Each structure stands twice: as C-alpha cells, then as structure tokens.
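Chemist: Just so it is clear, I am handing over target.cif, which has mmCIF, C-alpha atoms.
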```
data_my_file
loop_
_atom_site.label_atom_id
_atom_site.label_comp_id
_atom_site.auth_asym_id
_atom_site.auth_seq_id
_atom_site.Cartn_x
_atom_site.Cartn_y
_atom_site.Cartn_z
CA MET A 5 -8.66 -10.51 -23.53
CA SER A 6 -11.27 -12.84 -25.02
CA SER A 7 -14.84 -13.56 -24.00
CA ARG A 8 -16.61 -16.91 -24.07
CA THR A 9 -20.05 -17.62 -22.54
CA ASN A 10 -19.94 -14.23 -20.77
CA VAL A 11 -16.67 -15.02 -19.04
CA SER A 12 -13.77 -12.70 -19.87
CA CYS A 13 -10.45 -14.54 -20.07
CA LEU A 14 -7.59 -12.30 -18.94
CA HIS A 15 -3.83 -12.68 -18.85
CA GLU A 16 -2.45 -13.79 -15.50
CA ALA A 17 -0.80 -11.18 -13.31
CA ARG A 18 2.68 -12.33 -12.34
CA ARG A 19 4.65 -9.14 -11.64
CA VAL A 20 3.36 -6.95 -8.84
CA ALA A 21 4.93 -3.85 -7.27
CA ILE A 22 3.95 -2.20 -4.00
CA PHE A 23 4.94 1.48 -3.94
CA GLY A 24 5.36 3.42 -0.71
CA GLY A 25 6.75 6.91 -0.35
CA THR A 26 5.40 8.40 -3.55
CA HIS A 27 4.83 11.21 -1.08
CA GLY A 28 7.65 11.24 1.43
CA ASN A 29 5.60 12.17 4.50
CA GLU A 30 2.84 9.54 4.16
CA MET A 31 4.10 7.11 6.72
CA SER A 32 1.95 3.97 6.51
CA GLY A 33 3.05 2.97 3.02
CA ILE A 34 6.66 3.93 3.71
CA THR A 35 6.76 1.85 6.87
CA LEU A 36 5.05 -1.16 5.30
CA VAL A 37 7.31 -1.15 2.25
CA ASN A 38 10.46 -0.84 4.35
CA MET A 39 9.19 -3.64 6.59
CA TRP A 40 8.49 -5.89 3.60
CA LYS A 41 11.87 -5.11 2.06
CA GLN A 42 13.43 -6.48 5.25
CA ASN A 43 11.12 -9.50 5.49
CA SER A 44 8.78 -10.26 2.61
CA ALA A 45 7.22 -13.42 4.07
CA GLU A 46 3.73 -11.98 4.56
CA ILE A 47 3.44 -10.66 1.00
CA GLU A 48 4.83 -13.72 -0.75
CA ARG A 49 2.34 -15.61 -2.91
CA ASN A 50 2.72 -18.67 -5.14
CA GLY A 51 3.93 -17.78 -8.62
CA LEU A 52 4.10 -14.04 -7.98
CA LEU A 53 7.10 -11.74 -8.25
CA ILE A 54 6.30 -9.02 -5.70
CA LYS A 55 8.57 -5.99 -5.39
CA PRO A 56 8.14 -3.55 -2.47
CA PHE A 57 9.58 -0.22 -3.59
CA ILE A 58 10.19 3.26 -2.18
CA SER A 59 9.15 5.64 -4.96
CA ASN A 60 10.64 8.92 -3.76
CA PRO A 61 13.58 8.13 -1.47
CA LYS A 62 14.89 11.70 -1.22
CA ALA A 63 11.51 12.99 -0.06
CA VAL A 64 11.20 10.07 2.37
CA GLU A 65 14.62 10.89 3.82
CA LYS A 66 13.50 14.46 4.49
CA CYS A 67 9.92 13.45 5.47
CA ILE A 68 8.41 15.93 3.02
CA ARG A 69 5.85 15.43 0.26
CA TYR A 70 8.33 15.98 -2.58
CA ILE A 71 11.64 17.64 -3.44
CA ASP A 72 10.85 19.67 -6.58
CA THR A 73 7.41 18.66 -7.82
CA ASP A 74 4.66 16.14 -7.06
CA LEU A 75 5.85 12.70 -8.23
CA ASN A 76 2.23 11.54 -8.41
CA ARG A 77 1.56 14.04 -11.20
CA ALA A 78 4.87 13.60 -13.05
CA PHE A 79 4.12 10.62 -15.30
CA THR A 80 3.03 12.62 -18.34
CA PRO A 81 4.02 11.57 -21.87
CA GLU A 82 6.10 14.76 -22.13
CA ASN A 83 8.10 13.99 -18.97
CA LEU A 84 8.61 10.31 -19.75
CA SER A 85 9.82 10.98 -23.30
CA ALA A 86 12.05 13.97 -22.46
CA PRO A 87 15.83 13.45 -22.80
CA ASP A 88 17.92 13.05 -19.67
CA VAL A 89 19.60 16.37 -18.94
CA GLU A 90 21.52 17.69 -15.98
CA GLY A 91 19.48 19.86 -13.64
CA ARG A 92 16.10 18.25 -14.43
CA LEU A 93 13.56 18.34 -11.58
CA TYR A 94 14.25 15.42 -9.25
CA GLU A 95 10.76 13.92 -9.45
CA VAL A 96 10.71 14.16 -13.24
CA GLN A 97 13.98 12.26 -13.39
CA ARG A 98 12.64 9.79 -10.84
CA ALA A 99 9.50 9.27 -12.96
CA LYS A 100 11.69 8.36 -15.92
CA GLU A 101 13.65 5.89 -13.75
CA ILE A 102 10.46 4.28 -12.43
CA ASN A 103 9.06 4.06 -15.96
CA ARG A 104 12.20 2.23 -17.07
CA MET A 105 12.07 -0.15 -14.11
CA PHE A 106 8.34 -0.95 -14.09
CA GLY A 107 7.15 0.05 -17.56
CA PRO A 108 7.37 1.36 -20.12
CA LYS A 109 3.95 2.86 -19.47
CA GLY A 110 1.38 1.52 -21.90
CA SER A 111 3.58 -1.34 -23.11
CA SER A 112 3.25 -5.12 -22.88
CA ASP A 113 6.48 -5.15 -20.82
CA ALA A 114 4.98 -3.07 -18.00
CA TYR A 115 4.36 -4.59 -14.58
CA ASP A 116 0.96 -6.24 -14.31
CA VAL A 117 -0.13 -4.52 -11.08
CA ILE A 118 1.17 -1.57 -9.06
CA PHE A 119 -0.32 -0.80 -5.67
CA ASP A 120 0.48 2.79 -4.69
CA LEU A 121 0.08 3.38 -0.95
CA HIS A 122 -1.00 6.81 0.31
CA ASN A 123 -2.22 8.51 3.44
CA THR A 124 -4.58 11.46 3.63
CA THR A 125 -5.27 13.98 6.37
CA SER A 126 -8.96 13.96 5.39
CA ASN A 127 -11.54 11.65 6.93
CA MET A 128 -11.75 9.26 3.97
CA GLY A 129 -11.32 5.99 5.79
CA SER A 130 -9.98 3.20 3.56
CA THR A 131 -10.36 4.06 -0.12
CA LEU A 132 -9.31 2.15 -3.21
CA ILE A 133 -8.61 4.34 -6.24
CA LEU A 134 -9.25 3.16 -9.79
CA GLU A 135 -8.33 4.92 -13.02
CA SER A 136 -10.61 3.00 -15.41
CA SER A 137 -14.22 1.85 -15.32
CA THR A 138 -13.48 -0.89 -17.86
CA ASP A 139 -10.52 -2.65 -16.23
CA LEU A 140 -12.28 -5.92 -15.36
CA PHE A 141 -9.32 -7.26 -13.39
CA ASN A 142 -9.27 -4.24 -11.06
CA LEU A 143 -13.05 -4.12 -10.76
CA GLN A 144 -13.15 -7.74 -9.67
CA MET A 145 -10.21 -7.19 -7.32
CA VAL A 146 -11.83 -4.26 -5.50
CA HIS A 147 -15.08 -6.22 -5.25
CA TYR A 148 -13.15 -9.08 -3.63
CA ILE A 149 -11.37 -6.69 -1.24
CA LYS A 150 -14.60 -4.97 -0.23
CA LYS A 151 -16.24 -8.32 0.59
CA ALA A 152 -13.17 -9.53 2.47
CA MET A 153 -13.01 -6.33 4.54
CA ALA A 154 -16.66 -6.47 5.63
CA PRO A 155 -18.07 -5.37 8.00
CA HIS A 156 -15.36 -2.69 7.77
CA THR A 157 -15.95 -0.18 4.99
CA CYS A 158 -13.67 0.11 1.98
CA LEU A 159 -14.85 2.68 -0.57
CA VAL A 160 -13.89 3.05 -4.23
CA LEU A 161 -12.94 6.33 -5.91
CA LEU A 162 -12.94 6.34 -9.71
CA ASN A 163 -10.43 8.85 -11.12
CA GLU A 164 -11.80 8.71 -14.65
CA HIS A 165 -12.58 12.14 -16.02
CA PRO A 166 -12.01 13.60 -19.50
CA GLN A 167 -10.48 16.86 -18.20
CA LEU A 168 -8.84 15.84 -14.89
CA LYS A 169 -5.62 14.02 -15.70
CA TYR A 170 -3.41 12.87 -12.84
CA SER A 171 -0.46 11.06 -14.53
CA THR A 172 0.04 8.99 -11.41
CA THR A 173 3.02 6.93 -10.34
CA ARG A 174 0.95 3.74 -10.54
CA SER A 175 -0.21 4.53 -14.09
CA VAL A 176 2.92 2.76 -15.35
CA ALA A 177 1.27 -0.62 -14.67
CA LYS A 178 -1.27 -2.51 -16.76
CA HIS A 179 -3.57 -2.54 -13.72
CA PRO A 180 -2.88 0.52 -11.55
CA ILE A 181 -4.57 0.75 -8.18
CA GLY A 182 -4.19 3.37 -5.47
CA LEU A 183 -4.88 2.98 -1.78
CA GLU A 184 -5.66 6.05 0.30
CA VAL A 185 -6.16 5.58 4.05
CA GLY A 186 -6.86 8.27 6.63
CA PRO A 187 -7.20 10.38 8.54
CA GLN A 188 -3.53 10.48 9.41
CA PRO A 189 -1.37 13.59 9.85
CA GLN A 190 1.63 14.03 7.60
CA GLY A 191 4.80 12.53 9.07
CA VAL A 192 2.81 10.48 11.62
CA LEU A 193 1.95 6.79 12.02
CA ARG A 194 -1.44 5.71 13.37
CA SER A 195 -1.80 2.02 14.17
CA ASN A 196 -5.40 1.69 12.93
CA VAL A 197 -4.53 3.29 9.58
CA PHE A 198 -1.38 1.18 9.25
CA GLU A 199 -3.25 -2.06 9.98
CA SER A 200 -6.08 -1.22 7.59
CA MET A 201 -3.61 -0.65 4.77
CA ARG A 202 -1.78 -3.86 5.64
CA THR A 203 -5.00 -5.90 5.64
CA ILE A 204 -6.20 -4.51 2.31
CA LEU A 205 -2.88 -5.45 0.69
CA LYS A 206 -3.20 -8.98 2.07
CA HIS A 207 -6.64 -9.41 0.48
CA ALA A 208 -5.47 -7.87 -2.80
CA LEU A 209 -2.53 -10.27 -3.08
CA ASP A 210 -4.79 -13.19 -2.16
CA PHE A 211 -7.10 -12.23 -5.03
CA ILE A 212 -4.22 -12.20 -7.53
CA GLU A 213 -2.98 -15.58 -6.32
CA PHE A 214 -6.47 -17.08 -6.59
CA PHE A 215 -6.96 -15.63 -10.07
CA ASN A 216 -3.62 -16.98 -11.28
CA SER A 217 -4.46 -20.42 -9.88
CA GLY A 218 -7.53 -20.62 -12.12
CA VAL A 219 -10.32 -19.47 -9.80
CA GLU A 220 -13.20 -18.00 -11.76
CA PHE A 221 -14.79 -14.87 -10.31
CA PRO A 222 -18.52 -14.44 -11.10
CA PRO A 223 -20.14 -11.27 -12.45
CA CYS A 224 -20.38 -8.50 -9.88
CA THR A 225 -21.37 -4.89 -9.36
CA ILE A 226 -19.30 -2.24 -7.57
CA ASP A 227 -20.52 0.98 -5.98
CA VAL A 228 -18.03 3.72 -6.89
CA PHE A 229 -17.64 7.46 -6.43
CA ARG A 230 -16.67 9.05 -9.74
CA VAL A 231 -14.57 12.24 -9.60
CA GLN A 232 -16.42 15.28 -10.92
CA GLU A 233 -14.88 18.61 -9.90
CA ARG A 234 -12.13 20.11 -7.75
CA MET A 235 -13.54 22.81 -5.51
CA ASP A 236 -11.25 25.66 -4.42
CA TYR A 237 -11.48 27.81 -1.32
CA PRO A 238 -12.95 31.29 -1.73
CA ARG A 239 -10.12 33.73 -2.43
CA ASP A 240 -9.49 37.47 -2.61
CA THR A 241 -8.03 39.29 -5.59
CA ASN A 242 -4.51 38.47 -4.35
CA GLY A 243 -5.23 34.75 -4.27
CA ASN A 244 -5.41 34.47 -0.47
CA ILE A 245 -8.11 32.22 0.97
CA THR A 246 -10.96 34.08 2.65
CA ALA A 247 -12.88 31.14 4.12
CA MET A 248 -12.47 27.74 5.74
CA VAL A 249 -14.28 24.45 5.24
CA HIS A 250 -17.53 24.80 7.17
CA PRO A 251 -17.72 22.75 10.39
CA HIS A 252 -20.84 20.99 9.06
CA LEU A 253 -18.76 19.75 6.10
CA GLN A 254 -15.46 19.09 7.88
CA ASP A 255 -14.74 15.35 8.32
CA CYS A 256 -17.88 14.46 6.34
CA ASP A 257 -16.13 12.76 3.41
CA TRP A 258 -18.49 10.64 1.28
CA GLU A 259 -21.62 12.15 2.87
CA PRO A 260 -24.15 13.86 0.54
CA LEU A 261 -23.77 17.60 -0.03
CA ASN A 262 -27.07 19.06 -1.19
CA ARG A 263 -27.96 22.42 -2.67
CA GLY A 264 -28.23 24.89 0.22
CA ASP A 265 -25.95 22.95 2.59
CA PRO A 266 -23.13 24.85 4.35
CA MET A 267 -19.84 24.58 2.45
CA PHE A 268 -17.45 27.32 3.66
CA LEU A 269 -17.24 29.67 6.64
CA THR A 270 -15.64 33.06 6.02
CA PHE A 271 -13.25 34.57 8.55
CA ASP A 272 -15.91 37.11 9.52
CA GLY A 273 -18.45 34.34 10.23
CA ARG A 274 -20.51 34.27 7.03
CA THR A 275 -21.67 30.87 5.74
CA ILE A 276 -21.26 30.09 2.05
CA LEU A 277 -23.76 27.50 0.81
CA TYR A 278 -23.38 24.87 -1.87
CA GLU A 279 -25.27 26.04 -4.96
CA GLY A 280 -24.82 23.07 -7.29
CA ALA A 281 -27.91 21.68 -8.96
CA ASN A 282 -27.20 18.07 -8.02
CA THR A 283 -26.28 16.26 -4.83
CA VAL A 284 -22.58 15.42 -4.71
CA TYR A 285 -20.37 13.41 -2.38
CA PRO A 286 -17.26 15.36 -1.34
CA THR A 287 -13.97 13.71 -0.53
CA PHE A 288 -10.40 14.79 0.23
CA ILE A 289 -12.11 17.44 2.38
CA ASN A 290 -9.54 19.92 3.72
CA GLU A 291 -6.62 17.70 2.68
CA ALA A 292 -3.45 19.39 3.95
CA ALA A 293 -1.43 18.63 0.82
CA TYR A 294 -4.02 20.21 -1.47
CA TYR A 295 -3.81 23.78 -0.23
CA GLU A 296 -0.99 24.32 -2.73
CA LYS A 297 -3.16 22.80 -5.44
CA GLN A 298 -5.96 25.28 -4.66
CA GLN A 299 -8.33 22.48 -3.77
CA ALA A 300 -10.63 22.42 -0.72
CA PHE A 301 -12.29 19.14 -1.68
CA THR A 302 -13.26 17.01 -4.65
CA THR A 303 -16.87 16.38 -5.61
CA THR A 304 -17.98 12.95 -6.77
CA CYS A 305 -21.16 11.28 -7.96
CA ARG A 306 -22.20 7.75 -7.08
CA GLU A 307 -22.35 5.08 -9.78
CA ILE A 308 -22.72 1.34 -9.95
CA LEU A 309 -20.31 -0.42 -12.29
CA ALA A 310 -20.88 -3.93 -13.60
CA ALA A 311 -18.05 -6.38 -14.28
CA ASN A 312 -18.17 -9.61 -16.28
CA ALA A 313 -17.05 -12.86 -14.78
CA ILE A 314 -13.32 -13.35 -15.25
CA ARG A 315 -10.87 -16.22 -15.28
CA LYS A 316 -7.31 -16.74 -16.36
CA ALA A 317 -6.69 -17.26 -20.04
CA PHE A 318 -4.96 -20.59 -20.54
CA LYS A 319 -2.37 -20.80 -23.27
#
```
Give the structure from the file, written as structure tokens.
Modeler:
Amino acid sequence: MSSRTNVSCLHEARRVAIFGGTHGNEMSGITLVNMWKQNSAEIERNGLLIKPFISNPKAVEKCIRYIDTDLNRAFTPENLSAPDVEGRLYEVQRAKEINRMFGPKGSSDAYDVIFDLHNTTSNMGSTLILESSTDLFNLQMVHYIKKAMAPHTCLVLLNEHPQLKYSTTRSVAKHPIGLEVGPQPQGVLRSNVFESMRTILKHALDFIEFFNSGVEFPPCTIDVFRVQERMDYPRDTNGNITAMVHPHLQDCDWEPLNRGDPMFLTFDGRTILYEGANTVYPTFINEAAYYEKQQAFTTTCREILAANAIRKAFK
C-alpha cells in the first residue's frame, strides 16, 4: 500500500471466496452457496475469480453446527502448522485443507477476500463483521454496503480485541469479512434473512468490481460496535445456569444497556441488574450456539472509524 495526496493505493482484489456452512445448521449461507455453485451468474463480476464454497460439508450433511469442534475457532497457528495425522479432529483437518486451498494464512498467496456467511438465533439483524480497524479496503467496502442497503440497517461488529482471539475460517484471506444475519433458528430458512444476505453479497461484489475498475472511493467514517467482553449466565457451583436473559434484554441487540438495567432473571424470579460502570451495547443475546461457550451475550462499545480515500494501485 502507498499513499499519495491522502489517497491510499491498494492492490486490486481478484480472488474472492464465499463460504457457507462453516456451521452446518446455518441455512442461509449454505443454501446460497449451493445455489451459486449450480448457477453462478448473479455473482459473476468482470475480472473476478469468485469461488462459492461449503466449508464444513460433513456438518452440513448432518445439519449440525460441527462434527468435533467449532471450525470457526480452528484456524490457530498451532492447528494450521500441526502435521497431518490419522484421527485428528475433523474440523482441525478441514482447517488445514482450507488453509491450503485459500491461503496460506498471512501470505501473499492467500485469497484477497473471503466472505463467511452465518446465521444467528439472536435479534442482530444484518451485521457485517470486521477483524481489523485498519483494513482500509474492508472499511470502505462496509461503508459502501451500508449506503447501498439504506434505508435498511446494516450494522458493523469489530472483532478486534487483544485478549479475545477467534481464529476464524475467513481469517485465511487478506481481507476477511463475516456476515451474520438473524434472527433465524438453526436448521431453518427464513426468506427475509436469506434475501438480506443475498443483497449484501451483491453490493459487496459490486464494490470490488468498481474498485478494480479504477473507481476512487472518498474518505469516509464508519460507525462500529467494538467487542469488549463475553458475559456468561449466572451459574451454581456445579456449573449449571441459574438464570435466564431478562425479558427486558431479550431481543434487544445493539440497544444500550445502562448500569442498573435488568440483565438476568433467576428461576425463582429475582432480577439481576447490570452493574458495569459504562453503557454497553449487547449483541449475540441468548444465541443458541453459545450456551456451550458459556456466553449469554457479548458487550460492545460504539466507535467511529475513519478511512482514507482508496483507489487501485496501478502497476
């Protein structure tokens, strides 16, 4: 990347992958990817190699989240560098295969962009997930998508935290971007969720095509929700949950949670209040897949990120 007169010149993005089925019971991405594998006309763009790909085919076949372990947490340096041995966890072996096909992670040979399509049971609406606050290409892309989706809302979650490491499937790419759309039950298709995901992908691919054609995108700012903390359910000494998400918090993703607001409701009817010093914005509230991860919701804070103007670097 170089900068001249406040315009950052970035390498063009020619190889793009669209992952569905990283979790085998999240049906919108699985259905879209399988549809595009059969007929790719609507995702084709000039000069782009676009590969729709089912990330976890065994889990998709069984319509379960994963076989042995969460594929979306399996892309650690330790897993990717481990030797191939018989009996290795299926998703760890699959992570190594995906890294060989679309990476290697962190290398110049990696795919330019990976879109990883997910559904959530929580009331998050349409959410784009970034892993870096300094990736100008992705910042400009989400800004473009948000404008194109208006008046419909498309929020941005920033998974950039010094202690919370996710090692996601999409992290193999130079520009990883997640898409989380809900609410949608596991193993179920909802037409509104499906169409929202489909439309966001259309705008994202349009952006890449425009960028590659030489369109310059002006400076912009993006309102994001930065991940702060994973909040667990109250538990007894045996690790069993003793309370539920409070009805005043349920389905209130992205709404402010202030000190003294109801957070949990115990089984005997007692309200547990939020005692944090600062207002936070919860998301992934009561996500079904996160019970096993001991997570009731994730707290975020709101930030505004600024991005330089960008254009394609000409050789």
Chemist: Within 7 Å of (-9.3, -14.0, -16.7) (coordinates as in the file), grab all the protein and nucleic acid residues, counting all atoms listed in the file, and write them out as a ChimeraX atom specification.
Modeler: /A:12-16,314-317
Chemist: May I have the residues from that selection written out with C-alpha atoms, as a compact mmCIF listing (two decimals), in the coordinates of the input?
Modeler:
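Writing the result to part.txt gives the following:
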```
# COMPACT_ATOMS: atom_id res chain seq x y z
CA SER A 12 -13.77 -12.70 -19.87
CA CYS A 13 -10.45 -14.54 -20.07
CA LEU A 14 -7.59 -12.30 -18.94
CA HIS A 15 -3.83 -12.68 -18.85
CA GLU A 16 -2.45 -13.79 -15.50
CA ILE A 314 -13.32 -13.35 -15.25
CA ARG A 315 -10.87 -16.22 -15.28
CA LYS A 316 -7.31 -16.74 -16.36
CA ALA A 317 -6.69 -17.26 -20.04
```
Chemist: Within 12 Å of Pro251 (chain A), counting all atoms listed in the file, which residues qualify if same-chain residues fewer than 2 places away don't, as a list of chain:residue names?
Modeler: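 Counting only the stated atoms, we get A:Ala247, A:Met248, A:Val249, A:Leu253, A:Gln254, A:Asp255, A:Cys256, A:Asp265, A:Pro266, A:Met267, A:Phe268, A:Leu269, A:Thr270, A:Gly273, A:Thr275, A:Ile276, A:Ile289, A:Asn290.
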Chemist: Counting only C-alpha atoms, which of A:Ile226, A:Val284, A:Val96, A:Leu205 gets nearest to Thr138 (chain A)?
Modeler: A:Ile226
Chemist: Might you spell out which residues the PyMOL selection byres ((chain A and resi 61-65) around 10) would select in the displayed file, as a PyMOL selection string?
Modeler: chain A and resi 24-31+34+57-60+66-72+75+94-95+98+191
Chemist: Which residue, A:Arg202, A:Lys297, A:Lys41, A:Arg92, has the smallest gap to Phe119 (chain A) when you use all atoms listed in the file?
Modeler: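 With all atoms listed in the file as the atom set, the closest residue is A:Arg202.
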Chemist: Where atoms are missing, can you supply N, CA, C and O atoms for region 266-284 of chain A and output the lot as a PDB file, keeping the file's coordinate frame?
Modeler:
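Saved as selection-v1.pdb:
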```pdb
ATOM      1  N   PRO A 266     -24.329  24.046   4.073  1.00  0.00           N
ATOM      2  CA  PRO A 266     -23.130  24.850   4.350  1.00  0.00           C
ATOM      3  C   PRO A 266     -21.884  24.219   3.737  1.00  0.00           C
ATOM      4  O   PRO A 266     -21.688  23.007   3.820  1.00  0.00           O
ATOM      5  N   MET A 267     -21.037  25.064   3.118  1.00  0.00           N
ATOM      6  CA  MET A 267     -19.840  24.580   2.450  1.00  0.00           C
ATOM      7  C   MET A 267     -18.579  25.247   3.012  1.00  0.00           C
ATOM      8  O   MET A 267     -17.610  24.563   3.355  1.00  0.00           O
ATOM      9  N   PHE A 268     -18.591  26.579   3.115  1.00  0.00           N
ATOM     10  CA  PHE A 268     -17.450  27.320   3.660  1.00  0.00           C
ATOM     11  C   PHE A 268     -17.930  28.288   4.733  1.00  0.00           C
ATOM     12  O   PHE A 268     -19.101  28.694   4.756  1.00  0.00           O
ATOM     13  N   LEU A 269     -17.001  28.664   5.613  1.00  0.00           N
ATOM     14  CA  LEU A 269     -17.240  29.670   6.640  1.00  0.00           C
ATOM     15  C   LEU A 269     -16.177  30.751   6.498  1.00  0.00           C
ATOM     16  O   LEU A 269     -14.977  30.459   6.626  1.00  0.00           O
ATOM     17  N   THR A 270     -16.600  31.985   6.197  1.00  0.00           N
ATOM     18  CA  THR A 270     -15.640  33.060   6.020  1.00  0.00           C
ATOM     19  C   THR A 270     -15.029  33.456   7.367  1.00  0.00           C
ATOM     20  O   THR A 270     -15.576  33.148   8.431  1.00  0.00           O
ATOM     21  N   PHE A 271     -13.931  34.179   7.319  1.00  0.00           N
ATOM     22  CA  PHE A 271     -13.250  34.570   8.550  1.00  0.00           C
ATOM     23  C   PHE A 271     -14.078  35.550   9.380  1.00  0.00           C
ATOM     24  O   PHE A 271     -13.850  35.679  10.587  1.00  0.00           O
ATOM     25  N   ASP A 272     -15.041  36.213   8.764  1.00  0.00           N
ATOM     26  CA  ASP A 272     -15.910  37.110   9.520  1.00  0.00           C
ATOM     27  C   ASP A 272     -17.237  36.437   9.893  1.00  0.00           C
ATOM     28  O   ASP A 272     -18.190  37.104  10.311  1.00  0.00           O
ATOM     29  N   GLY A 273     -17.314  35.095   9.723  1.00  0.00           N
ATOM     30  CA  GLY A 273     -18.450  34.340  10.230  1.00  0.00           C
ATOM     31  C   GLY A 273     -19.602  34.131   9.279  1.00  0.00           C
ATOM     32  O   GLY A 273     -20.652  33.619   9.686  1.00  0.00           O
ATOM     33  N   ARG A 274     -19.428  34.447   7.998  1.00  0.00           N
ATOM     34  CA  ARG A 274     -20.510  34.270   7.030  1.00  0.00           C
ATOM     35  C   ARG A 274     -20.451  32.869   6.424  1.00  0.00           C
ATOM     36  O   ARG A 274     -19.391  32.385   6.050  1.00  0.00           O
ATOM     37  N   THR A 275     -21.597  32.208   6.319  1.00  0.00           N
ATOM     38  CA  THR A 275     -21.670  30.870   5.740  1.00  0.00           C
ATOM     39  C   THR A 275     -21.885  30.946   4.234  1.00  0.00           C
ATOM     40  O   THR A 275     -22.748  31.708   3.765  1.00  0.00           O
ATOM     41  N   ILE A 276     -21.101  30.208   3.494  1.00  0.00           N
ATOM     42  CA  ILE A 276     -21.260  30.090   2.050  1.00  0.00           C
ATOM     43  C   ILE A 276     -21.884  28.725   1.766  1.00  0.00           C
ATOM     44  O   ILE A 276     -21.368  27.688   2.199  1.00  0.00           O
ATOM     45  N   LEU A 277     -23.007  28.722   1.055  1.00  0.00           N
ATOM     46  CA  LEU A 277     -23.760  27.500   0.810  1.00  0.00           C
ATOM     47  C   LEU A 277     -23.378  26.866  -0.526  1.00  0.00           C
ATOM     48  O   LEU A 277     -22.911  27.544  -1.455  1.00  0.00           O
ATOM     49  N   TYR A 278     -23.578  25.578  -0.604  1.00  0.00           N
ATOM     50  CA  TYR A 278     -23.380  24.870  -1.870  1.00  0.00           C
ATOM     51  C   TYR A 278     -24.540  25.180  -2.803  1.00  0.00           C
ATOM     52  O   TYR A 278     -25.711  25.050  -2.416  1.00  0.00           O
ATOM     53  N   GLU A 279     -24.236  25.599  -4.025  1.00  0.00           N
ATOM     54  CA  GLU A 279     -25.270  26.040  -4.960  1.00  0.00           C
ATOM     55  C   GLU A 279     -25.386  25.141  -6.176  1.00  0.00           C
ATOM     56  O   GLU A 279     -26.074  25.491  -7.141  1.00  0.00           O
ATOM     57  N   GLY A 280     -24.728  23.984  -6.155  1.00  0.00           N
ATOM     58  CA  GLY A 280     -24.820  23.070  -7.290  1.00  0.00           C
ATOM     59  C   GLY A 280     -26.226  22.523  -7.450  1.00  0.00           C
ATOM     60  O   GLY A 280     -26.995  22.409  -6.493  1.00  0.00           O
ATOM     61  N   ALA A 281     -26.554  22.157  -8.670  1.00  0.00           N
ATOM     62  CA  ALA A 281     -27.910  21.680  -8.960  1.00  0.00           C
ATOM     63  C   ALA A 281     -28.134  20.266  -8.439  1.00  0.00           C
ATOM     64  O   ALA A 281     -29.260  19.901  -8.081  1.00  0.00           O
ATOM     65  N   ASN A 282     -27.069  19.475  -8.375  1.00  0.00           N
ATOM     66  CA  ASN A 282     -27.200  18.070  -8.020  1.00  0.00           C
ATOM     67  C   ASN A 282     -26.480  17.758  -6.717  1.00  0.00           C
ATOM     68  O   ASN A 282     -25.485  18.405  -6.368  1.00  0.00           O
ATOM     69  N   THR A 283     -26.967  16.756  -6.020  1.00  0.00           N
ATOM     70  CA  THR A 283     -26.280  16.260  -4.830  1.00  0.00           C
ATOM     71  C   THR A 283     -24.946  15.647  -5.221  1.00  0.00           C
ATOM     72  O   THR A 283     -24.852  14.910  -6.208  1.00  0.00           O
ATOM     73  N   VAL A 284     -23.909  15.979  -4.475  1.00  0.00           N
ATOM     74  CA  VAL A 284     -22.580  15.420  -4.710  1.00  0.00           C
ATOM     75  C   VAL A 284     -22.075  14.813  -3.404  1.00  0.00           C
ATOM     76  O   VAL A 284     -22.651  15.006  -2.329  1.00  0.00           O
TER      77      VAL A 284
END
```
